[in-house]
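Below: protein18.cif (mmCIF, C-alpha atoms)
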data_coords
#
loop_
_atom_site.group_PDB
_atom_site.id
_atom_site.type_symbol
_atom_site.label_atom_id
_atom_site.label_comp_id
_atom_site.auth_asym_id
_atom_site.auth_seq_id
_atom_site.Cartn_x
_atom_site.Cartn_y
_atom_site.Cartn_z
ATOM 1 C CA MET C 1 41.177 -15.957 11.609
ATOM 2 C CA ASN C 2 41.603 -16.388 15.357
ATOM 3 C CA ARG C 3 44.361 -13.725 15.385
ATOM 4 C CA ASN C 4 42.018 -11.417 13.476
ATOM 5 C CA LEU C 5 39.331 -11.782 16.170
ATOM 6 C CA ASN C 6 41.936 -11.160 18.865
ATOM 7 C CA GLU C 7 42.942 -7.940 17.134
ATOM 8 C CA CYS C 8 39.303 -6.820 16.687
ATOM 9 C CA ARG C 9 38.857 -6.673 20.437
ATOM 10 C CA TYR C 10 41.291 -3.719 20.538
ATOM 11 C CA LEU C 11 39.043 -1.502 18.412
ATOM 12 C CA GLU C 12 37.483 0.398 21.320
ATOM 13 C CA SER C 13 40.874 0.948 22.950
ATOM 14 C CA PHE C 14 42.263 2.112 19.610
ATOM 15 C CA LEU C 15 39.395 4.546 19.124
ATOM 16 C CA ALA C 16 39.849 5.836 22.677
ATOM 17 C CA GLY C 17 43.609 6.288 22.123
ATOM 18 C CA LYS C 18 44.454 3.873 24.926
ATOM 19 C CA LEU C 19 46.889 1.557 23.084
ATOM 20 C CA ASN C 20 50.627 1.721 23.698
ATOM 21 C CA SER C 21 52.877 2.241 20.668
ATOM 22 C CA VAL C 22 53.407 -1.502 20.010
ATOM 23 C CA GLU C 23 49.673 -2.276 20.278
ATOM 24 C CA HIS C 24 48.906 0.767 18.136
ATOM 25 C CA GLU C 25 51.238 -0.369 15.338
ATOM 26 C CA SER C 26 49.847 -3.900 15.528
ATOM 27 C CA PHE C 27 46.291 -2.615 15.320
ATOM 28 C CA MET C 28 47.165 -0.333 12.393
ATOM 29 C CA SER C 29 48.370 -3.460 10.532
ATOM 30 C CA HIS C 30 45.136 -5.174 11.501
ATOM 31 C CA LEU C 31 43.099 -2.302 10.009
ATOM 32 C CA SER C 32 44.676 -2.947 6.617
ATOM 33 C CA ILE C 33 43.205 -6.467 6.525
ATOM 34 C CA CYS C 34 39.965 -6.152 8.531
ATOM 35 C CA ALA C 35 37.272 -4.283 6.630
ATOM 36 C CA GLU C 36 34.867 -4.220 9.573
ATOM 37 C CA CYS C 37 37.349 -2.602 11.973
ATOM 38 C CA TRP C 38 38.527 -0.208 9.257
ATOM 39 C CA THR C 39 34.922 0.872 8.531
ATOM 40 C CA GLN C 40 34.216 1.494 12.209
ATOM 41 C CA ALA C 41 37.504 3.343 12.706
ATOM 42 C CA GLU C 42 36.826 5.489 9.637
ATOM 43 C CA SER C 43 33.300 6.262 10.867
ATOM 44 C CA ALA C 44 34.713 7.298 14.233
ATOM 45 C CA ARG C 45 37.323 9.503 12.526
ATOM 46 C CA THR C 46 34.623 11.157 10.411
ATOM 47 C CA LEU C 47 32.507 11.698 13.504
ATOM 48 C CA ARG C 48 35.396 13.244 15.406
ATOM 49 C CA MET C 49 36.081 15.615 12.514
ATOM 50 C CA ALA C 50 32.418 16.626 12.433
ATOM 51 C CA LEU C 51 32.418 17.237 16.189
ATOM 52 C CA GLU C 52 35.726 19.141 16.217
ATOM 53 C CA PRO C 53 34.035 22.591 16.121
ATOM 54 C CA PHE C 54 32.233 21.653 19.340
ATOM 55 C CA SER C 55 35.338 20.388 21.154
ATOM 56 C CA GLU C 56 35.375 23.311 23.575
ATOM 57 C CA LEU C 57 31.897 22.494 24.829
ATOM 58 C CA ALA C 58 31.684 20.538 28.049
ATOM 59 C CA MET C 59 30.587 17.027 27.142
ATOM 60 C CA PRO C 60 30.345 13.902 29.284
ATOM 61 C CA ASP C 61 33.326 11.542 29.059
ATOM 62 C CA ASP C 62 31.267 8.850 27.351
ATOM 63 C CA ALA C 63 29.606 11.212 24.833
ATOM 64 C CA ASP C 64 31.777 10.033 21.931
ATOM 65 C CA LEU C 65 30.918 6.407 22.620
ATOM 66 C CA ARG C 66 27.213 7.160 23.058
ATOM 67 C CA ILE C 67 27.148 9.133 19.809
ATOM 68 C CA ARG C 68 28.917 6.345 17.920
ATOM 69 C CA ILE C 69 26.487 3.780 19.327
ATOM 70 C CA ALA C 70 23.508 5.951 18.341
ATOM 71 C CA LEU C 71 24.891 6.510 14.839
ATOM 72 C CA ASP C 72 25.638 2.825 14.456
ATOM 73 C CA HIS C 73 22.057 2.026 15.463
ATOM 74 C CA GLN C 74 20.707 4.615 13.023
ATOM 75 C CA LEU C 75 22.802 3.249 10.170
ATOM 76 C CA ARG C 76 21.879 -0.358 10.915
ATOM 77 C CA THR C 77 18.133 0.270 11.228
ATOM 78 C CA PRO C 78 16.628 0.836 7.791
ATOM 79 C CA LEU C 79 14.087 3.641 7.515
ATOM 80 C CA ALA C 80 11.373 1.158 6.596
ATOM 81 C CA ASP C 81 11.908 -0.732 9.885
ATOM 82 C CA ARG C 82 11.534 2.236 12.216
ATOM 83 C CA GLU C 83 8.137 2.449 13.865
ATOM 84 C CA VAL C 84 8.574 6.019 15.077
ATOM 85 C CA MET C 85 10.290 8.574 12.860
ATOM 86 C CA ASP C 86 11.428 12.144 13.402
ATOM 87 C CA ILE C 87 10.583 14.974 11.032
ATOM 88 C CA GLU C 88 13.637 14.475 8.778
ATOM 89 C CA GLU C 89 13.016 10.731 8.443
ATOM 90 C CA THR C 90 9.322 11.338 7.758
ATOM 91 C CA ALA C 91 10.064 13.921 5.085
ATOM 92 C CA ALA C 92 12.427 11.446 3.412
ATOM 93 C CA PHE C 93 9.834 8.669 3.789
ATOM 94 C CA LEU C 94 7.187 10.858 2.099
ATOM 95 C CA GLY C 95 9.618 12.094 -0.546
ATOM 96 C CA ILE C 96 9.245 15.763 0.369
ATOM 97 C CA THR C 97 11.424 18.381 2.025
ATOM 98 C CA VAL C 98 11.253 19.178 5.735
ATOM 99 C CA PRO C 99 9.804 22.673 5.062
ATOM 100 C CA GLU C 100 7.090 21.097 2.888
ATOM 101 C CA LEU C 101 6.251 18.686 5.703
ATOM 102 C CA VAL C 102 6.173 21.518 8.250
ATOM 103 C CA ASN C 103 3.710 23.396 6.025
ATOM 104 C CA CYS C 104 1.284 20.480 6.024
ATOM 105 C CA LEU C 105 1.695 19.253 9.634
ATOM 106 C CA ASP C 106 -1.979 19.947 10.381
ATOM 107 C CA ASN C 107 -2.946 17.302 7.812
ATOM 108 C CA VAL C 108 -0.383 14.596 8.653
ATOM 109 C CA PRO C 109 -0.838 12.171 11.582
ATOM 110 C CA ALA C 110 1.773 13.058 14.185
ATOM 111 C CA PHE C 111 2.263 13.193 17.927
ATOM 112 C CA GLU C 112 4.490 15.080 20.318
ATOM 113 C CA VAL C 113 6.926 13.559 22.793
ATOM 114 C CA ALA C 114 9.145 15.694 25.005
ATOM 115 C CA GLY C 115 8.476 18.713 22.831
ATOM 116 C CA ARG C 116 9.424 16.922 19.603
ATOM 117 C CA ILE C 117 7.148 15.943 16.739
ATOM 118 C CA ARG C 118 7.171 12.232 15.930
ATOM 119 C CA PHE C 119 5.400 10.157 13.300
ATOM 120 C CA ASN C 120 4.230 6.554 13.525
ATOM 121 C CA ARG C 121 5.150 4.775 10.305
ATOM 122 C CA GLU C 122 2.094 2.479 10.270
ATOM 123 C CA ARG C 123 -0.294 5.415 10.829
ATOM 124 C CA LEU C 124 1.401 7.302 7.995
ATOM 125 C CA ILE C 125 0.943 4.316 5.693
ATOM 126 C CA ARG C 126 -2.754 4.033 6.623
ATOM 127 C CA TRP C 127 -3.162 7.809 6.172
ATOM 128 C CA MET C 128 -1.546 7.600 2.704
ATOM 129 C CA GLU C 129 -3.808 4.692 1.748
ATOM 130 C CA LEU C 130 -6.879 6.688 2.781
ATOM 131 C CA LYS C 131 -5.596 9.689 0.850
ATOM 132 C CA GLU C 132 -5.062 7.502 -2.214
ATOM 133 C CA ARG C 133 -8.572 6.053 -1.956
ATOM 134 C CA GLY C 134 -10.043 9.524 -1.578
ATOM 135 C CA LEU C 135 -8.034 10.790 -4.535
ATOM 136 C CA PHE C 136 -9.084 7.759 -6.569
ATOM 137 C CA ARG C 137 -12.743 8.440 -5.702
ATOM 138 C CA GLU C 138 -12.333 12.101 -6.677
ATOM 139 C CA ILE C 139 -10.683 11.163 -9.982
ATOM 140 C CA SER C 140 -13.355 8.531 -10.686
ATOM 141 C CA HIS C 141 -16.080 11.020 -9.794
ATOM 142 C CA ASP C 142 -14.495 13.697 -12.019
ATOM 143 C CA ARG C 143 -14.187 11.222 -14.906
ATOM 144 C CA SER C 144 -17.819 10.157 -14.557
ATOM 145 C CA LEU C 145 -18.836 13.834 -14.568
ATOM 146 C CA MET C 146 -16.724 14.421 -17.660
ATOM 147 C CA LYS C 147 -18.324 11.433 -19.387
ATOM 148 C CA SER C 148 -21.803 12.588 -18.476
ATOM 149 C CA ASN C 149 -20.996 16.082 -19.746
ATOM 150 C CA ILE C 150 -19.640 14.685 -22.972
ATOM 151 C CA LEU C 151 -22.543 12.311 -23.492
ATOM 152 C CA THR C 152 -25.290 14.759 -22.514
ATOM 153 C CA PHE C 153 -25.822 17.716 -24.803
ATOM 154 C CA PRO C 154 -27.927 20.822 -24.304
ATOM 155 C CA GLY C 155 -31.597 19.952 -24.508
ATOM 156 C CA GLY C 156 -30.983 16.502 -22.995
ATOM 157 C CA LEU C 157 -30.185 14.803 -26.323
ATOM 158 C CA SER C 158 -28.161 11.595 -26.441
ATOM 159 C CA ASP C 159 -25.142 11.221 -28.719
ATOM 160 C CA GLU C 160 -27.222 9.524 -31.377
ATOM 161 C CA GLN C 161 -30.012 12.126 -31.248
ATOM 162 C CA HIS C 162 -27.474 14.928 -31.424
ATOM 163 C CA ASP C 163 -25.741 13.334 -34.434
ATOM 164 C CA GLU C 164 -29.082 12.873 -36.230
ATOM 165 C CA LYS C 165 -30.051 16.505 -35.701
ATOM 166 C CA ALA C 166 -26.591 17.689 -36.774
ATOM 167 C CA ASN C 167 -26.714 15.583 -39.950
ATOM 168 C CA SER C 168 -30.260 16.656 -40.784
ATOM 169 C CA GLY C 169 -29.356 20.303 -40.334
ATOM 170 C CA SER C 170 -32.178 20.928 -37.852
ATOM 171 C CA PHE C 171 -30.021 22.856 -35.375
#

Output the file's structure as C-alpha coordinates, nothing else.
Amino acid sequence: MNRNLNECRYLESFLAGKLNSVEHESFMSHLSICAECWTQAESARTLRMALEPFSELAMPDDADLRIRIALDHQLRTPLADREVMDIEETAAFLGITVPELVNCLDNVPAFEVAGRIRFNRERLIRWMELKERGLFREISHDRSLMKSNILTFPGGLSDEQHDEKANSGSF
(Lines of atoms letter the chains of each structure in order from A and count residues from 1; the text may use other names and numbers.)
(Lines give C-alpha, C1' and ligand atoms only; values in the text may rest on other atoms or scores of the structure.)
Protein backbone atom coordinates (compact mmCIF):
# COMPACT_ATOMS: atom_id res chain seq x y z
CA MET A 1 0.00 0.00 0.00
CA ASN A 2 2.80 2.40 0.91
CA ARG A 3 4.57 1.65 -2.40
CA ASN A 4 1.29 2.35 -4.20
CA LEU A 5 1.06 5.81 -2.60
CA ASN A 6 4.69 6.48 -3.50
CA GLU A 7 3.93 5.63 -7.12
CA CYS A 8 0.77 7.80 -7.17
CA ARG A 9 2.84 10.89 -6.54
CA TYR A 10 4.38 10.48 -10.02
CA LEU A 11 1.04 10.93 -11.80
CA GLU A 12 1.52 14.62 -12.63
CA SER A 13 5.06 14.02 -13.87
CA PHE A 14 3.81 11.09 -15.95
CA LEU A 15 1.04 13.19 -17.46
CA ALA A 16 3.52 15.98 -18.21
CA GLY A 17 5.94 13.50 -19.84
CA LYS A 18 8.68 14.32 -17.35
CA LEU A 19 9.60 10.78 -16.21
CA ASN A 20 12.80 9.09 -17.37
CA SER A 21 12.47 5.68 -19.04
CA VAL A 22 12.89 3.68 -15.79
CA GLU A 23 10.35 5.83 -13.91
CA HIS A 24 8.02 5.66 -16.90
CA GLU A 25 8.10 1.85 -17.00
CA SER A 26 7.60 1.68 -13.24
CA PHE A 27 4.64 4.02 -13.43
CA MET A 28 3.13 2.06 -16.33
CA SER A 29 3.21 -1.03 -14.06
CA HIS A 30 1.61 1.04 -11.33
CA LEU A 31 -1.24 2.05 -13.67
CA SER A 32 -2.17 -1.61 -14.11
CA ILE A 33 -2.91 -1.94 -10.38
CA CYS A 34 -4.09 1.56 -9.38
CA ALA A 35 -7.57 2.32 -10.66
CA GLU A 36 -7.49 5.94 -9.50
CA CYS A 37 -4.26 6.79 -11.35
CA TRP A 38 -5.42 4.84 -14.41
CA THR A 39 -8.74 6.77 -14.48
CA GLN A 40 -6.96 10.11 -14.23
CA ALA A 41 -4.39 9.14 -16.86
CA GLU A 42 -7.15 7.95 -19.20
CA SER A 43 -9.10 11.18 -18.67
CA ALA A 44 -5.98 13.18 -19.49
CA ARG A 45 -5.39 11.09 -22.63
CA THR A 46 -8.99 11.63 -23.74
CA LEU A 47 -8.65 15.34 -23.09
CA ARG A 48 -5.43 15.55 -25.08
CA MET A 49 -7.07 13.76 -28.00
CA ALA A 50 -10.00 16.17 -27.88
CA LEU A 51 -7.65 19.16 -27.82
CA GLU A 52 -5.37 17.85 -30.58
CA PRO A 53 -7.12 19.87 -33.34
CA PHE A 54 -6.28 23.03 -31.38
CA SER A 55 -2.62 22.15 -30.80
CA GLU A 56 -1.38 24.86 -33.15
CA LEU A 57 -3.09 27.57 -31.14
CA ALA A 58 -0.93 29.47 -28.69
CA MET A 59 -1.92 28.31 -25.22
CA PRO A 60 -0.34 29.05 -21.85
CA ASP A 61 2.05 26.38 -20.55
CA ASP A 62 -0.28 25.46 -17.70
CA ALA A 63 -3.45 25.31 -19.85
CA ASP A 64 -3.55 21.50 -19.88
CA LEU A 65 -3.31 21.36 -16.10
CA ARG A 66 -5.91 24.10 -15.64
CA ILE A 67 -8.29 22.36 -18.02
CA ARG A 68 -7.85 19.02 -16.25
CA ILE A 69 -8.46 20.68 -12.88
CA ALA A 70 -11.60 22.39 -14.20
CA LEU A 71 -12.89 19.15 -15.73
CA ASP A 72 -12.13 17.25 -12.56
CA HIS A 73 -14.08 19.84 -10.57
CA GLN A 74 -16.99 19.65 -13.02
CA LEU A 75 -17.09 15.86 -12.84
CA ARG A 76 -16.87 15.81 -9.05
CA THR A 77 -19.56 18.44 -8.48
CA PRO A 78 -22.99 16.95 -9.14
CA LEU A 79 -25.42 19.13 -11.07
CA ALA A 80 -27.75 19.25 -8.09
CA ASP A 81 -25.00 20.78 -5.91
CA ARG A 82 -24.13 23.68 -8.20
CA GLU A 83 -25.65 26.97 -7.11
CA VAL A 84 -24.96 28.75 -10.39
CA MET A 85 -25.42 26.91 -13.67
CA ASP A 86 -24.64 27.79 -17.28
CA ILE A 87 -27.15 27.43 -20.09
CA GLU A 88 -26.25 23.80 -20.91
CA GLU A 89 -26.48 22.72 -17.26
CA THR A 90 -29.78 24.57 -16.85
CA ALA A 91 -31.26 22.98 -19.95
CA ALA A 92 -30.27 19.55 -18.61
CA PHE A 93 -31.64 20.47 -15.17
CA LEU A 94 -34.99 21.47 -16.73
CA GLY A 95 -35.02 18.47 -19.06
CA ILE A 96 -35.15 20.54 -22.24
CA THR A 97 -32.76 21.33 -25.07
CA VAL A 98 -30.58 24.44 -25.14
CA PRO A 99 -32.53 25.91 -28.10
CA GLU A 100 -35.79 25.38 -26.19
CA LEU A 101 -34.31 27.20 -23.19
CA VAL A 102 -33.06 30.04 -25.40
CA ASN A 103 -36.58 30.44 -26.81
CA CYS A 104 -38.06 30.93 -23.35
CA LEU A 105 -35.27 32.98 -21.71
CA ASP A 106 -37.63 35.91 -21.14
CA ASN A 107 -39.70 33.73 -18.81
CA VAL A 108 -36.90 31.98 -16.88
CA PRO A 109 -35.06 33.65 -13.97
CA ALA A 110 -31.51 34.34 -15.14
CA PHE A 111 -28.74 36.87 -14.77
CA GLU A 112 -25.74 37.95 -16.80
CA VAL A 113 -22.13 37.87 -15.68
CA ALA A 114 -19.28 38.89 -17.97
CA GLY A 115 -21.56 38.63 -20.97
CA ARG A 116 -22.72 35.11 -20.12
CA ILE A 117 -26.16 34.00 -19.01
CA ARG A 118 -26.22 32.20 -15.67
CA PHE A 119 -29.00 30.62 -13.64
CA ASN A 120 -29.30 30.32 -9.87
CA ARG A 121 -30.48 26.82 -9.01
CA GLU A 122 -32.52 27.85 -5.95
CA ARG A 123 -34.32 30.61 -7.91
CA LEU A 124 -35.10 28.11 -10.67
CA ILE A 125 -36.57 25.71 -8.12
CA ARG A 126 -38.72 28.49 -6.59
CA TRP A 127 -39.78 29.60 -10.10
CA MET A 128 -40.78 26.00 -10.97
CA GLU A 129 -42.75 25.69 -7.73
CA LEU A 130 -44.63 28.90 -8.52
CA LYS A 131 -45.28 27.67 -12.05
CA GLU A 132 -46.60 24.38 -10.67
CA ARG A 133 -48.90 26.17 -8.22
CA GLY A 134 -50.18 28.43 -10.98
CA LEU A 135 -50.73 25.45 -13.27
CA PHE A 136 -52.47 23.59 -10.46
CA ARG A 137 -54.75 26.60 -9.86
CA GLU A 138 -55.51 26.80 -13.59
CA ILE A 139 -56.30 23.08 -13.76
CA SER A 140 -58.44 23.28 -10.61
CA HIS A 141 -60.22 26.34 -11.99
CA ASP A 142 -60.79 24.61 -15.35
CA ARG A 143 -62.13 21.49 -13.61
CA SER A 144 -64.51 23.55 -11.47
CA LEU A 145 -65.72 25.31 -14.63
CA MET A 146 -66.20 21.96 -16.33
CA LYS A 147 -68.17 20.66 -13.34
CA SER A 148 -70.33 23.75 -13.24
CA ASN A 149 -70.97 23.45 -16.98
CA ILE A 150 -71.87 19.81 -16.61
CA LEU A 151 -74.10 20.37 -13.61
CA THR A 152 -75.84 23.49 -14.93
CA PHE A 153 -78.08 23.04 -17.94
CA PRO A 154 -79.71 25.65 -20.15
CA GLY A 155 -82.50 27.37 -18.28
CA GLY A 156 -80.64 27.03 -14.96
CA LEU A 157 -81.99 23.55 -14.16
CA SER A 158 -80.15 21.24 -11.77
CA ASP A 159 -79.31 17.66 -12.70
CA GLU A 160 -82.39 16.36 -10.94
CA GLN A 161 -84.72 18.93 -12.54
CA HIS A 162 -83.26 18.20 -15.95
CA ASP A 163 -83.71 14.44 -15.48
CA GLU A 164 -87.33 14.91 -14.36
CA LYS A 165 -88.16 17.04 -17.39
CA ALA A 166 -86.39 14.59 -19.72
CA ASN A 167 -88.29 11.63 -18.24
CA SER A 168 -91.63 13.43 -18.34
CA GLY A 169 -91.09 14.40 -21.96
CA SER A 170 -91.69 18.10 -21.28
CA PHE A 171 -88.70 19.29 -23.32

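The space between atom CA of Asp64 of chain C and atom CA of His30 of chain C spans 22.8 Å.
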
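Using all atoms listed in the file, the shortest contact distance between Pro109 of chain C and any of C:Glu36, C:Glu23, C:Glu122, C:Asp61 is found at C:Glu122.
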
Close residues, Arg123 of chain C itself excluded, 10 Å, only C-alpha atoms, min 5 positions apart in chain, as a VMD selection string = chain C and resid 83 to 84 108 to 110 128 to 129

For the structure shown, which residues end up in the PyMOL selection byres ((chain C and resi 5-11) around 9)? Put them as a PyMOL selection string, please?
-> chain C and resi 1-4+12-16+19+23+26-27+30-31+34+36-37+40-41

Which polymer residues have any atom within 6 Å of an atom of Arg118 of chain C, counting all atoms listed in the file, with same-chain residues fewer than 2 positions away left out, as a ChimeraX atom specification?
-> /C:85-86,110-112

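Distances here use all atoms listed in the file; by that measure, the residue among C:Arg48, C:Asp62, C:Ala91, C:Leu130 closest to Cys104 of chain C is C:Ala91.
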
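For the pair atom CA of Ile87 of chain C and atom CA of Ile69 of chain C, the separation is 21.1 Å.
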
Completion of segment 10-25 of chain C up to N, CA and C atoms, as a JSON list (two decimals), keeping the file's coordinate frame:
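Here's the written file out_3.json:
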[["chain", "number", "residue", "atom", "x", "y", "z"],
["C", 10, "TYR", "N", 40.58, -4.95, 20.18],
["C", 10, "TYR", "CA", 41.29, -3.72, 20.54],
["C", 10, "TYR", "C", 40.68, -2.47, 19.89],
["C", 11, "LEU", "N", 39.63, -2.64, 19.13],
["C", 11, "LEU", "CA", 39.04, -1.50, 18.41],
["C", 11, "LEU", "C", 38.66, -0.36, 19.34],
["C", 12, "GLU", "N", 37.92, -0.66, 20.40],
["C", 12, "GLU", "CA", 37.48, 0.40, 21.32],
["C", 12, "GLU", "C", 38.67, 1.11, 21.96],
["C", 13, "SER", "N", 39.68, 0.34, 22.36],
["C", 13, "SER", "CA", 40.87, 0.95, 22.95],
["C", 13, "SER", "C", 41.60, 1.81, 21.92],
["C", 14, "PHE", "N", 41.64, 1.34, 20.68],
["C", 14, "PHE", "CA", 42.26, 2.11, 19.61],
["C", 14, "PHE", "C", 41.52, 3.42, 19.41],
["C", 15, "LEU", "N", 40.20, 3.34, 19.34],
["C", 15, "LEU", "CA", 39.40, 4.55, 19.12],
["C", 15, "LEU", "C", 39.52, 5.52, 20.30],
["C", 16, "ALA", "N", 39.71, 4.99, 21.49],
["C", 16, "ALA", "CA", 39.85, 5.84, 22.68],
["C", 16, "ALA", "C", 41.28, 6.33, 22.87],
["C", 17, "GLY", "N", 42.22, 5.86, 22.00],
["C", 17, "GLY", "CA", 43.61, 6.29, 22.12],
["C", 17, "GLY", "C", 44.31, 5.68, 23.32],
["C", 18, "LYS", "N", 43.91, 4.50, 23.72],
["C", 18, "LYS", "CA", 44.45, 3.87, 24.93],
["C", 18, "LYS", "C", 45.44, 2.73, 24.65],
["C", 19, "LEU", "N", 45.92, 2.61, 23.40],
["C", 19, "LEU", "CA", 46.89, 1.56, 23.08],
["C", 19, "LEU", "C", 48.30, 2.12, 23.22],
["C", 20, "ASN", "N", 49.23, 1.29, 23.69],
["C", 20, "ASN", "CA", 50.63, 1.72, 23.70],
["C", 20, "ASN", "C", 51.16, 1.68, 22.27],
["C", 21, "SER", "N", 52.36, 2.11, 22.04],
["C", 21, "SER", "CA", 52.88, 2.24, 20.67],
["C", 21, "SER", "C", 52.95, 0.89, 19.94],
["C", 22, "VAL", "N", 53.33, -0.18, 20.63],
["C", 22, "VAL", "CA", 53.41, -1.50, 20.01],
["C", 22, "VAL", "C", 52.00, -1.99, 19.63],
["C", 23, "GLU", "N", 51.06, -1.87, 20.55],
["C", 23, "GLU", "CA", 49.67, -2.28, 20.28],
["C", 23, "GLU", "C", 49.08, -1.43, 19.16],
["C", 24, "HIS", "N", 49.41, -0.14, 19.17],
["C", 24, "HIS", "CA", 48.91, 0.77, 18.14],
["C", 24, "HIS", "C", 49.39, 0.35, 16.76],
["C", 25, "GLU", "N", 50.68, 0.07, 16.62],
["C", 25, "GLU", "CA", 51.24, -0.37, 15.34],
["C", 25, "GLU", "C", 50.62, -1.69, 14.90]]
